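In what follows, a structure is listed as structure tokens, so that the remarks can point back to it.
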Amino acid sequence: MKFGYHTNTWGGVVGHPAGVTSIKDLFYLTPGSDQEALHDIAAAGYRGVELFDGNLMAYRGREDEFRSLLKAGNLSLIAVYSGANFIYDDVLEDEFWRLEQAAQIGQTFGAEFLVLGGGAKRHGGPREDDYTKLAHGLDRAAELARSHGLTALYHPHLGTLVEGPEALNRVMSQCTIGLCPDTAHLAAGGNDLPHLIRTYANRIPYIHLKGLSRDPFGFVPLDEDPEMAAIWQALQDIHFDGWVTVELDSHADPKGAAARSLAWLQARVPVSTD
């Protein structure tokens, strides 16, 4: 296994402001310092990083600057995180234009994966064909990603069309895309994570580990999640040997939280230096 970290802990999750009026510009962003995040991630001992598509797009035209940041920390870009409103027919072409930009910039920096978050949720609840539209959109996005040398993966979240096991099964049964679980979001959505990991073992080449506190509810470093040991055992049971990225949407001490999570992992398996 190799361990990476997501840069969103250094700033949280926002959207590109131009996306307020133009869907094609609705890239994910974290407003924190990329330089600080990459420095701290490398200092903690991680070997890879994942960034939002909007943060990577900011380096278009100054690609050498970002490559220098990676090189300084001996880091690899594991994945670029994006997403789209696949259930709305009228905006699909703009959504796929944006996904193509994300895939292109990911390819430029050598990413392996295009992680696709969530799926739009209507204010009145899902329509019957929303699950099918999401599934078809995910497979179209996977084909787009392949054309740029990336593997696309689906990443369900709370607050989106897919939260619990029934919705997840409905979507995954209608598409062939792989799965990148977010352990905290899926657990909070009512999923049995060890069972989920074993069920979808052959469709999980990459995973986000995120600690969950149920009471009080919140996302926490791995060493604070009493359910993480069972999740880790499930990964051992399926002989998972890919990238594991730790994600923590926000924390008062991002660097310290990253170090604590890596220590939790190192106590269970040596970190690869590849």
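In the structure tokens, chains take the letters A, B, ... in the order shown, each chain's residues start at 1, and ligands count up from 1 in the order shown.
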
Please provide the set of residues having any atom within 12 Å of Arg268 of chain A, restricted to only C-alpha atoms, with same-chain residues fewer than 3 positions apart removed, written as a list in words. Met1, Asp223, Met228, Ala229, Trp232, Gln233, Leu235, Gln236, Ser261, Leu262, Ala263, Trp264, Leu265 and Val271 of chain A

Selection file, N, CA, C and O atoms, as a PDB file, in the first residue's frame:
```pdb
ATOM      1  N   MET A   1       0.825  -1.200   0.000  1.00  0.00           N
ATOM      2  CA  MET A   1       0.000   0.000   0.000  1.00  0.00           C
ATOM      3  C   MET A   1       0.861   1.252   0.000  1.00  0.00           C
ATOM      4  O   MET A   1       1.973   1.262   0.527  1.00  0.00           O
ATOM      5  N   ASP A 223      -7.347   7.869  14.059  1.00  0.00           N
ATOM      6  CA  ASP A 223      -7.177   7.287  15.391  1.00  0.00           C
ATOM      7  C   ASP A 223      -8.334   7.593  16.330  1.00  0.00           C
ATOM      8  O   ASP A 223      -8.410   7.030  17.427  1.00  0.00           O
ATOM      9  N   MET A 228     -12.811   2.272  12.551  1.00  0.00           N
ATOM     10  CA  MET A 228     -11.805   2.210  11.503  1.00  0.00           C
ATOM     11  C   MET A 228     -11.060   0.876  11.494  1.00  0.00           C
ATOM     12  O   MET A 228     -10.639   0.399  10.431  1.00  0.00           O
ATOM     13  N   ALA A 229     -10.888   0.258  12.641  1.00  0.00           N
ATOM     14  CA  ALA A 229     -10.168  -1.014  12.691  1.00  0.00           C
ATOM     15  C   ALA A 229     -10.891  -2.079  11.868  1.00  0.00           C
ATOM     16  O   ALA A 229     -10.250  -2.869  11.154  1.00  0.00           O
ATOM     17  N   TRP A 232     -10.375  -1.318   8.226  1.00  0.00           N
ATOM     18  CA  TRP A 232      -9.010  -1.707   7.842  1.00  0.00           C
ATOM     19  C   TRP A 232      -8.911  -3.220   7.650  1.00  0.00           C
ATOM     20  O   TRP A 232      -8.271  -3.692   6.710  1.00  0.00           O
ATOM     21  N   GLN A 233      -9.566  -3.974   8.528  1.00  0.00           N
ATOM     22  CA  GLN A 233      -9.535  -5.432   8.404  1.00  0.00           C
ATOM     23  C   GLN A 233     -10.178  -5.880   7.098  1.00  0.00           C
ATOM     24  O   GLN A 233      -9.701  -6.815   6.444  1.00  0.00           O
ATOM     25  N   LEU A 235     -10.160  -4.248   4.309  1.00  0.00           N
ATOM     26  CA  LEU A 235      -9.174  -4.013   3.250  1.00  0.00           C
ATOM     27  C   LEU A 235      -8.122  -5.116   3.222  1.00  0.00           C
ATOM     28  O   LEU A 235      -7.667  -5.527   2.147  1.00  0.00           O
ATOM     29  N   GLN A 236      -7.732  -5.600   4.398  1.00  0.00           N
ATOM     30  CA  GLN A 236      -6.793  -6.719   4.441  1.00  0.00           C
ATOM     31  C   GLN A 236      -7.432  -7.971   3.844  1.00  0.00           C
ATOM     32  O   GLN A 236      -6.791  -8.728   3.106  1.00  0.00           O
ATOM     33  N   SER A 261      -3.057  10.458  11.655  1.00  0.00           N
ATOM     34  CA  SER A 261      -3.653   9.420  10.819  1.00  0.00           C
ATOM     35  C   SER A 261      -2.585   8.522  10.205  1.00  0.00           C
ATOM     36  O   SER A 261      -2.763   7.303  10.118  1.00  0.00           O
ATOM     37  N   LEU A 262      -1.472   9.114   9.783  1.00  0.00           N
ATOM     38  CA  LEU A 262      -0.413   8.290   9.211  1.00  0.00           C
ATOM     39  C   LEU A 262       0.195   7.373  10.273  1.00  0.00           C
ATOM     40  O   LEU A 262       0.523   6.219   9.992  1.00  0.00           O
ATOM     41  N   ALA A 263       0.353   7.861  11.488  1.00  0.00           N
ATOM     42  CA  ALA A 263       0.869   7.011  12.562  1.00  0.00           C
ATOM     43  C   ALA A 263      -0.058   5.819  12.792  1.00  0.00           C
ATOM     44  O   ALA A 263       0.407   4.692  13.042  1.00  0.00           O
ATOM     45  N   TRP A 264      -1.369   6.071  12.713  1.00  0.00           N
ATOM     46  CA  TRP A 264      -2.343   4.980  12.857  1.00  0.00           C
ATOM     47  C   TRP A 264      -2.126   3.943  11.759  1.00  0.00           C
ATOM     48  O   TRP A 264      -2.156   2.731  12.014  1.00  0.00           O
ATOM     49  N   LEU A 265      -1.906   4.402  10.540  1.00  0.00           N
ATOM     50  CA  LEU A 265      -1.688   3.485   9.423  1.00  0.00           C
ATOM     51  C   LEU A 265      -0.346   2.758   9.540  1.00  0.00           C
ATOM     52  O   LEU A 265      -0.249   1.553   9.301  1.00  0.00           O
ATOM     53  N   VAL A 271       4.886   1.848   5.421  1.00  0.00           N
ATOM     54  CA  VAL A 271       4.623   2.741   4.296  1.00  0.00           C
ATOM     55  C   VAL A 271       5.569   2.399   3.150  1.00  0.00           C
ATOM     56  O   VAL A 271       6.767   2.262   3.348  1.00  0.00           O
TER      57      VAL A 271
END
```

Step one, run DSSP on the backbone; step two, keep only residues of segment 16-105 of chain A assigned to strand (DSSP E or B); then write them as a list in words. Tyr28, Leu29, Gly48, Val49, Glu50, Leu51, Phe52, Ser76, Leu77, Ile78, Ala79, Val80, Tyr81, Ser82 and Gly83 of chain A

Those same residues - N, CA and C atoms - I'd like them written as a CSV table (one decimal), in the first residue's frame.
```
chain,number,residue,atom,x,y,z
A,28,TYR,N,-14.5,22.4,-8.2
A,28,TYR,CA,-14.3,22.3,-6.7
A,28,TYR,C,-13.0,23.1,-6.4
A,29,LEU,N,-13.0,23.7,-5.2
A,29,LEU,CA,-11.9,24.4,-4.7
A,29,LEU,C,-11.7,24.3,-3.2
A,48,GLY,N,1.8,10.7,-1.6
A,48,GLY,CA,0.9,11.2,-2.6
A,48,GLY,C,-0.1,12.2,-2.2
A,49,VAL,N,-0.7,12.8,-3.1
A,49,VAL,CA,-1.7,13.8,-2.8
A,49,VAL,C,-2.9,13.7,-3.8
A,50,GLU,N,-4.1,14.2,-3.3
A,50,GLU,CA,-5.2,14.4,-4.2
A,50,GLU,C,-5.6,15.9,-4.1
A,51,LEU,N,-6.0,16.5,-5.2
A,51,LEU,CA,-6.4,17.9,-5.2
A,51,LEU,C,-7.7,18.0,-6.0
A,52,PHE,N,-8.5,19.1,-5.6
A,52,PHE,CA,-9.7,19.4,-6.4
A,52,PHE,C,-9.3,19.9,-7.8
A,76,SER,N,3.6,12.3,-5.4
A,76,SER,CA,2.9,11.9,-6.7
A,76,SER,C,1.5,12.5,-6.6
A,77,LEU,N,0.9,12.9,-7.7
A,77,LEU,CA,-0.5,13.3,-7.8
A,77,LEU,C,-1.2,12.0,-8.0
A,78,ILE,N,-2.0,11.6,-7.0
A,78,ILE,CA,-2.8,10.4,-7.1
A,78,ILE,C,-4.0,10.6,-8.0
A,79,ALA,N,-4.7,11.7,-7.7
A,79,ALA,CA,-6.1,11.8,-8.3
A,79,ALA,C,-6.4,13.3,-8.3
A,80,VAL,N,-7.4,13.6,-9.2
A,80,VAL,CA,-8.0,14.9,-9.3
A,80,VAL,C,-9.5,14.6,-9.0
A,81,TYR,N,-10.0,15.5,-8.1
A,81,TYR,CA,-11.4,15.3,-7.6
A,81,TYR,C,-12.3,16.3,-8.4
A,82,SER,N,-13.4,15.7,-8.9
A,82,SER,CA,-14.4,16.6,-9.6
A,82,SER,C,-15.8,16.0,-9.4
A,83,GLY,N,-16.7,16.4,-10.2
A,83,GLY,CA,-18.1,15.9,-10.1
A,83,GLY,C,-19.0,16.6,-11.1
```

Please, what distance in Å, to one decimal, runs between atom CA of Phe219 of chain A and atom CA of Ala252 of chain A?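 Between atom CA of Phe219 of chain A and atom CA of Ala252 of chain A the gap works out to 11.8 Å.
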
For segment 50-164 of chain A against segment 180-184 of chain A, with a cut-off of 10 Å and counting only C-alpha atoms, what is the closest atom pair and its distance in Å to one decimal for every residue that makes the cut, ordered by chain and number, as JSON lines?
```
{"residue": "A:Phe113", "atom": "CA", "partner": "A:Cys180", "partner_atom": "CA", "distance": 9.7}
{"residue": "A:Leu114", "atom": "CA", "partner": "A:Cys180", "partner_atom": "CA", "distance": 9.9}
{"residue": "A:Val115", "atom": "CA", "partner": "A:Cys180", "partner_atom": "CA", "distance": 7.2}
{"residue": "A:Leu116", "atom": "CA", "partner": "A:Cys180", "partner_atom": "CA", "distance": 8.7}
{"residue": "A:Gly117", "atom": "CA", "partner": "A:Cys180", "partner_atom": "CA", "distance": 9.3}
{"residue": "A:Ala152", "atom": "CA", "partner": "A:Cys180", "partner_atom": "CA", "distance": 9.1}
{"residue": "A:Leu153", "atom": "CA", "partner": "A:Cys180", "partner_atom": "CA", "distance": 5.6}
{"residue": "A:Tyr154", "atom": "CA", "partner": "A:Cys180", "partner_atom": "CA", "distance": 5.7}
{"residue": "A:His155", "atom": "CA", "partner": "A:Cys180", "partner_atom": "CA", "distance": 5.1}
{"residue": "A:Pro156", "atom": "CA", "partner": "A:Pro181", "partner_atom": "CA", "distance": 7.0}
{"residue": "A:His157", "atom": "CA", "partner": "A:Asp182", "partner_atom": "CA", "distance": 7.3}
{"residue": "A:Leu158", "atom": "CA", "partner": "A:Ala184", "partner_atom": "CA", "distance": 9.3}
```

Go ahead and save the residues from that selection, with N, CA and C atoms, as a PDB file, in the first residue's frame.
```pdb
ATOM      1  N   PHE A 113      -6.148   8.766 -11.188  1.00  0.00           N
ATOM      2  CA  PHE A 113      -7.595   8.647 -11.049  1.00  0.00           C
ATOM      3  C   PHE A 113      -8.302   9.992 -11.216  1.00  0.00           C
ATOM      4  N   LEU A 114      -9.526   9.923 -11.731  1.00  0.00           N
ATOM      5  CA  LEU A 114     -10.468  11.028 -11.720  1.00  0.00           C
ATOM      6  C   LEU A 114     -11.595  10.605 -10.792  1.00  0.00           C
ATOM      7  N   VAL A 115     -11.672  11.232  -9.626  1.00  0.00           N
ATOM      8  CA  VAL A 115     -12.675  10.875  -8.626  1.00  0.00           C
ATOM      9  C   VAL A 115     -13.893  11.773  -8.815  1.00  0.00           C
ATOM     10  N   LEU A 116     -15.066  11.156  -8.939  1.00  0.00           N
ATOM     11  CA  LEU A 116     -16.302  11.875  -9.243  1.00  0.00           C
ATOM     12  C   LEU A 116     -17.226  11.835  -8.037  1.00  0.00           C
ATOM     13  N   GLY A 117     -17.437  12.991  -7.434  1.00  0.00           N
ATOM     14  CA  GLY A 117     -18.184  13.057  -6.188  1.00  0.00           C
ATOM     15  C   GLY A 117     -19.690  13.088  -6.366  1.00  0.00           C
ATOM     16  N   ALA A 152     -11.607   6.659 -13.950  1.00  0.00           N
ATOM     17  CA  ALA A 152     -12.639   7.383 -13.204  1.00  0.00           C
ATOM     18  C   ALA A 152     -13.275   6.466 -12.173  1.00  0.00           C
ATOM     19  N   LEU A 153     -13.605   7.043 -11.016  1.00  0.00           N
ATOM     20  CA  LEU A 153     -14.209   6.297  -9.917  1.00  0.00           C
ATOM     21  C   LEU A 153     -15.330   7.128  -9.306  1.00  0.00           C
ATOM     22  N   TYR A 154     -16.367   6.434  -8.841  1.00  0.00           N
ATOM     23  CA  TYR A 154     -17.489   7.107  -8.204  1.00  0.00           C
ATOM     24  C   TYR A 154     -17.255   7.215  -6.699  1.00  0.00           C
ATOM     25  N   HIS A 155     -17.678   8.358  -6.117  1.00  0.00           N
ATOM     26  CA  HIS A 155     -17.360   8.698  -4.725  1.00  0.00           C
ATOM     27  C   HIS A 155     -18.612   9.282  -4.050  1.00  0.00           C
ATOM     28  N   PRO A 156     -19.524   8.432  -3.551  1.00  0.00           N
ATOM     29  CA  PRO A 156     -20.760   8.938  -2.949  1.00  0.00           C
ATOM     30  C   PRO A 156     -20.505   9.750  -1.672  1.00  0.00           C
ATOM     31  N   HIS A 157     -21.426  10.660  -1.398  1.00  0.00           N
ATOM     32  CA  HIS A 157     -21.330  11.546  -0.236  1.00  0.00           C
ATOM     33  C   HIS A 157     -22.702  11.738   0.391  1.00  0.00           C
ATOM     34  N   LEU A 158     -22.721  12.113   1.648  1.00  0.00           N
ATOM     35  CA  LEU A 158     -23.930  12.609   2.273  1.00  0.00           C
ATOM     36  C   LEU A 158     -24.433  13.838   1.505  1.00  0.00           C
TER      37      LEU A 158
END
```

Selection near Ser147 of chain A, 10 Å with only C-alpha atoms, sequence-local residues under 2 positions removed, as a PyMOL selection string: chain A and resi 100+103-104+107+141-145+149-151
